[in-house]
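So the structure is just underneath, and the comments pick up after that.
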Amino acid sequence: MSIYQGNAEGFLRYVGPLTRNIVCNLSRSLKKGTSCQGILAAGTRCKKRTRLEAAHIKGQERPVIIATILEQFNVKDDEYKVDLREFETAFRKAHQNLDEVIKVMCKSCHTRYDNEHQITQGYPIVLEDEYGEEELVKLEKQEVKEVEKNINSNQRYKTQVLIKVQSKHPQIHNKNMSYSRISDANGLWNFDVNKKKFEDDFYFVFYDQQTLKTKVAKIPACTLNLVNNSTKVDAVRFYVKWEDGKLMERTIGDLSEFII
Ligand SMILES: [Zn+2]
């Protein structure tokens with residue numbers, strides 16, 4: 001089950017693009033063999049064929065549909081707890097009779113339609129068909145697999161590294177250590193550790209996936225000076241890198257003396 005919890009703005013930020021994607025994919029079928037369904041001033045069909053958009057019909061605008069579904073997940077004030085699968089199902093259902101919800105229009109007909117019906121202009125859903133729907137579904141599935149593969153390989157490494165570390169240092173267990181590989185994003189080891197953990201001996205496990213080497217640093221109980229890190233938040237973030245043969249943390253400095 002995937003749950004979103006937060007305000008409406010945050011929900012739209014993450015789920016808004018998904019809803020546009022769904023409308024776009026559904027509307028491709030409408031677009032096939034048709035041209036702009038806009039009606040020109042003379043009363044004739046526009047029939048333009050390039051850069052067509054999916055236009056929601058008055059009363060069935062995307063924000064209206066989203067709001068109708070979202071309000072069912074309201075927990076208090078501006079807070080929502082949304083089962084994302086349920087939301088998606090309801091959103092798709094609202095587009096079941098697609099030709100009653102969507103018209104395919106060129107940009108100028110869409111703008112004119114929205115103006116005539118006092119619809120606030122929304123984020124455009126452009127129906128380009130350089131990729132077929134099947135191809136897009138395939139690419140989407142591939143992307144999911146790719147992410148899973150990466151997660152699995154990271155976890156596999158982590159498990160292997162920790163087994164090795166614990167065979168050498170049996171006093172290390174899940175609760176008194178933090179593991180990091182070098183981040184692809186910033187090239188550093190990043191650790192998030194609750195301050196309380198430093199009341200006992202604590203271990204940082206550094207894994208370098210390029211050289212396949214592991215280092216362990218032991219921070220004896222109550223020795224770490226967290227003055228520079230004295231935020232109100234319980235978790236402290238550590239950024240560590242190799243520099244001139246030393247293990248340097250951004251605010252604490254050299255951790256090399258702690259390596260065991
Ligand atoms: Zn048109």
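Residues are referred to by chain and number: the chain letter is A, B, ... according to the order shown in the structure tokens, the number counts from 1 in that chain, and ligands are numbered separately from 1 in the order shown.
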
List as a list in words the protein and nucleic acid residues lying within 10 Å of ligand 1, with only C-alpha atoms and all ligand atoms counted.
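Here is the list of contacting residues: Ser35, Cys36, Gln37, Gly38, Ile39, Leu40, Arg45, Cys46, Lys47, Lys48, Arg49, Thr50, Arg51, Leu52, Glu53, Val104, Met105, Cys106, Lys107, Ser108, Cys109, His110, Thr111, Arg112 and Tyr113 of chain A.
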
List the neighbours of A:Phe198 out to 6 Å using only C-alpha atoms; skip same-chain residues closer than 3 positions along the sequence, and give me the result as a PyMOL selection string.
chain A and resi 195+202+221-222

Generate the output file for the selected residues, N, CA and C atoms, as an mmCIF file, in the first residue's frame.
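What follows is the written file selection.cif:
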```
data_model
loop_
_atom_site.group_PDB
_atom_site.id
_atom_site.type_symbol
_atom_site.label_atom_id
_atom_site.label_comp_id
_atom_site.auth_asym_id
_atom_site.auth_seq_id
_atom_site.Cartn_x
_atom_site.Cartn_y
_atom_site.Cartn_z
ATOM 1 N N LYS A 195 21.144 11.454 17.878
ATOM 2 C CA LYS A 195 22.174 11.900 18.838
ATOM 3 C C LYS A 195 22.334 10.958 20.032
ATOM 4 N N PHE A 202 29.601 3.820 19.493
ATOM 5 C CA PHE A 202 28.883 3.824 18.221
ATOM 6 C C PHE A 202 29.862 3.577 17.073
ATOM 7 N N ALA A 221 31.715 5.896 23.786
ATOM 8 C CA ALA A 221 30.534 6.520 24.398
ATOM 9 C C ALA A 221 30.830 7.934 24.883
ATOM 10 N N CYS A 222 29.913 8.851 24.586
ATOM 11 C CA CYS A 222 29.958 10.235 25.087
ATOM 12 C C CYS A 222 31.244 10.985 24.759
#
```

Considering only C-alpha atoms, state which residue in the set A:Phe91, A:Trp242, A:Tyr157, A:Phe73 is at the smallest distance from A:Gln5.
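The answer is A:Phe73, which sits nearest to A:Gln5.
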
Identify which of the residues A:Arg28, A:His56, A:Lys81, A:Arg237 lies closest to A:Tyr4, counting only C-alpha atoms when measuring atom-to-atom distances.
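Ranking A:Arg28, A:His56, A:Lys81, A:Arg237 by distance to A:Tyr4, first place goes to A:Lys81.
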
For each of A:Tyr131, A:Glu140, A:Thr120, A:Tyr207, take the minimum atom-to-atom distance to A:Leu162, counting only C-alpha atoms, then give the residue where this is smallest.
A:Tyr207

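Counting only C-alpha atoms and comparing A:Asn190, A:Ser27, A:Thr214, A:Gln72, the residue that lies closest to A:Glu249 is A:Asn190.
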
Every residue of stretch 17-249 of chain A that DSSP places in helix (DSSP H, G or I), as a ChimeraX atom specification
/A:17-31,62-73,84-93,98-101,107-116,133-168,174-176,195-199,227-229

Atom-to-atom span, atom CA of A:Trp189 and atom CA of A:Lys241, Å
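The value is 6.4 Å.
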
Could you check which of A:Gly6, A:Gly33, A:Gly59, A:Pro124 is closest to A:Thr19, using only C-alpha atoms?
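Of the candidates, the smallest distance to A:Thr19 is held by A:Pro124.
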
Give the strand (DSSP E) residues of stretch 58-214 of chain A, as assigned by DSSP on the backbone, as an MDAnalysis selection string.
chainID A and resid 74:76 79:83 102:106 177:181 189:194 202:208 213:214

Just want the 12 Å neighbourhood of A:Leu255, counted on only C-alpha atoms, with same-chain residues fewer than 2 positions away dropped. Output as a ChimeraX atom specification.
/A:203-204,206,215-219,224-225,238-243,245-253,257-260

Given the selection you just returned, output its residues as a file containing N, CA and C atoms, formatted as a short mmCIF file (atom, residue, chain, number, x, y, z; two decimals), in the first residue's frame.
```cif
data_model
loop_
_atom_site.label_atom_id
_atom_site.label_comp_id
_atom_site.auth_asym_id
_atom_site.auth_seq_id
_atom_site.Cartn_x
_atom_site.Cartn_y
_atom_site.Cartn_z
N TYR A 203 29.38 2.91 16.03
CA TYR A 203 30.26 2.54 14.91
C TYR A 203 29.74 3.07 13.58
N PHE A 204 30.64 3.72 12.84
CA PHE A 204 30.33 4.09 11.47
C PHE A 204 30.96 3.06 10.55
N PHE A 206 31.99 2.47 6.75
CA PHE A 206 32.18 3.15 5.47
C PHE A 206 32.44 2.10 4.39
N LYS A 215 35.74 0.40 5.85
CA LYS A 215 36.40 0.88 7.06
C LYS A 215 35.36 1.03 8.15
N VAL A 216 35.82 0.82 9.38
CA VAL A 216 34.91 0.98 10.52
C VAL A 216 35.54 1.97 11.49
N ALA A 217 34.75 2.94 11.94
CA ALA A 217 35.24 3.88 12.96
C ALA A 217 34.43 3.67 14.23
N LYS A 218 35.14 3.58 15.35
CA LYS A 218 34.44 3.41 16.64
C LYS A 218 34.47 4.74 17.38
N ILE A 219 33.29 5.24 17.72
CA ILE A 219 33.20 6.47 18.50
C ILE A 219 32.87 6.05 19.93
N LEU A 224 31.88 12.12 21.42
CA LEU A 224 31.73 12.92 20.20
C LEU A 224 31.22 14.31 20.53
N ASN A 225 31.96 15.31 20.05
CA ASN A 225 31.56 16.69 20.30
C ASN A 225 30.56 17.13 19.25
N PHE A 238 25.88 13.33 9.03
CA PHE A 238 27.33 13.38 8.91
C PHE A 238 27.71 13.23 7.44
N TYR A 239 28.61 14.09 6.99
CA TYR A 239 29.12 13.99 5.62
C TYR A 239 30.61 13.71 5.72
N VAL A 240 31.05 12.58 5.18
CA VAL A 240 32.45 12.20 5.35
C VAL A 240 33.10 11.95 3.98
N LYS A 241 34.36 12.38 3.87
CA LYS A 241 35.09 12.05 2.64
C LYS A 241 36.57 11.80 2.94
N TRP A 242 37.22 11.10 2.01
CA TRP A 242 38.65 10.88 2.10
C TRP A 242 39.34 12.14 1.64
N GLU A 243 40.28 12.64 2.44
CA GLU A 243 41.00 13.83 2.03
C GLU A 243 42.42 13.70 2.57
N GLY A 245 44.41 11.24 2.72
CA GLY A 245 44.58 10.05 3.56
C GLY A 245 43.87 10.13 4.90
N LYS A 246 42.99 11.13 5.05
CA LYS A 246 42.23 11.23 6.30
C LYS A 246 40.75 11.11 6.03
N LEU A 247 40.04 10.65 7.05
CA LEU A 247 38.60 10.49 6.96
C LEU A 247 37.96 11.75 7.56
N MET A 248 37.60 12.70 6.70
CA MET A 248 37.19 14.01 7.21
C MET A 248 35.66 14.16 7.23
N GLU A 249 35.15 14.53 8.41
CA GLU A 249 33.73 14.85 8.52
C GLU A 249 33.61 16.37 8.46
N ARG A 250 32.54 16.84 7.82
CA ARG A 250 32.39 18.27 7.52
C ARG A 250 32.53 19.19 8.75
N THR A 251 31.90 18.85 9.88
CA THR A 251 31.99 19.74 11.04
C THR A 251 32.88 19.20 12.15
N ILE A 252 32.94 17.89 12.31
CA ILE A 252 33.73 17.32 13.41
C ILE A 252 35.21 17.29 13.07
N GLY A 253 35.51 17.11 11.76
CA GLY A 253 36.90 17.04 11.35
C GLY A 253 37.37 15.61 11.18
N GLU A 257 41.48 8.79 13.57
CA GLU A 257 41.95 8.18 14.82
C GLU A 257 40.95 7.17 15.38
N PHE A 258 39.72 7.22 14.90
CA PHE A 258 38.68 6.29 15.41
C PHE A 258 38.62 4.98 14.64
N ILE A 259 39.38 4.92 13.52
CA ILE A 259 39.27 3.70 12.70
C ILE A 259 39.80 2.49 13.47
N ILE A 260 39.06 1.39 13.42
CA ILE A 260 39.48 0.19 14.13
C ILE A 260 39.79 -0.93 13.15
#
```

How far is it from atom CA of A:Ile66 to atom CA of A:Leu127, in Å with one decimal?
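Between atom CA of A:Ile66 and atom CA of A:Leu127 the gap works out to 20.6 Å.
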
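Around A:Ile69, within 10 Å and counting only C-alpha atoms, the residues found are A:Pro63, A:Val82, A:Glu86, A:Phe87, A:Glu88, A:Ala90, A:Phe91, A:Ala94, once anything fewer than 6 positions away on its own chain is removed.
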
Suppose we keep N, CA and C atoms; can you now write the selection as an mmCIF file, in the first residue's frame?
```cif
data_model
loop_
_atom_site.group_PDB
_atom_site.id
_atom_site.type_symbol
_atom_site.label_atom_id
_atom_site.label_comp_id
_atom_site.auth_asym_id
_atom_site.auth_seq_id
_atom_site.Cartn_x
_atom_site.Cartn_y
_atom_site.Cartn_z
ATOM 1 N N PRO A 63 -8.680 19.734 -12.191
ATOM 2 C CA PRO A 63 -8.668 20.133 -10.778
ATOM 3 C C PRO A 63 -9.978 19.820 -10.057
ATOM 4 N N VAL A 82 -3.839 9.839 1.888
ATOM 5 C CA VAL A 82 -4.387 9.315 0.637
ATOM 6 C C VAL A 82 -3.782 7.959 0.296
ATOM 7 N N GLU A 86 -5.957 3.850 -4.463
ATOM 8 C CA GLU A 86 -7.388 4.173 -4.484
ATOM 9 C C GLU A 86 -7.639 5.469 -5.245
ATOM 10 N N PHE A 87 -6.754 6.448 -5.007
ATOM 11 C CA PHE A 87 -6.891 7.721 -5.707
ATOM 12 C C PHE A 87 -6.801 7.501 -7.214
ATOM 13 N N GLU A 88 -5.805 6.729 -7.617
ATOM 14 C CA GLU A 88 -5.598 6.516 -9.052
ATOM 15 C C GLU A 88 -6.799 5.815 -9.678
ATOM 16 N N ALA A 90 -9.912 5.883 -8.673
ATOM 17 C CA ALA A 90 -11.040 6.825 -8.757
ATOM 18 C C ALA A 90 -10.819 7.836 -9.877
ATOM 19 N N PHE A 91 -9.561 8.271 -10.033
ATOM 20 C CA PHE A 91 -9.254 9.252 -11.071
ATOM 21 C C PHE A 91 -9.467 8.645 -12.460
ATOM 22 N N ALA A 94 -13.160 8.322 -13.226
ATOM 23 C CA ALA A 94 -13.766 9.597 -13.624
ATOM 24 C C ALA A 94 -13.546 9.882 -15.116
#
```

Atom CA of A:Ile3 and atom CA of A:Val15 are how many Å apart?
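Going from atom CA of A:Ile3 over to atom CA of A:Val15 covers 11.6 Å.
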
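Using only C-alpha atoms, the shortest contact distance between A:Gln166 and any of A:Leu98, A:Val64, A:Ala185, A:Val205 is found at A:Val205.
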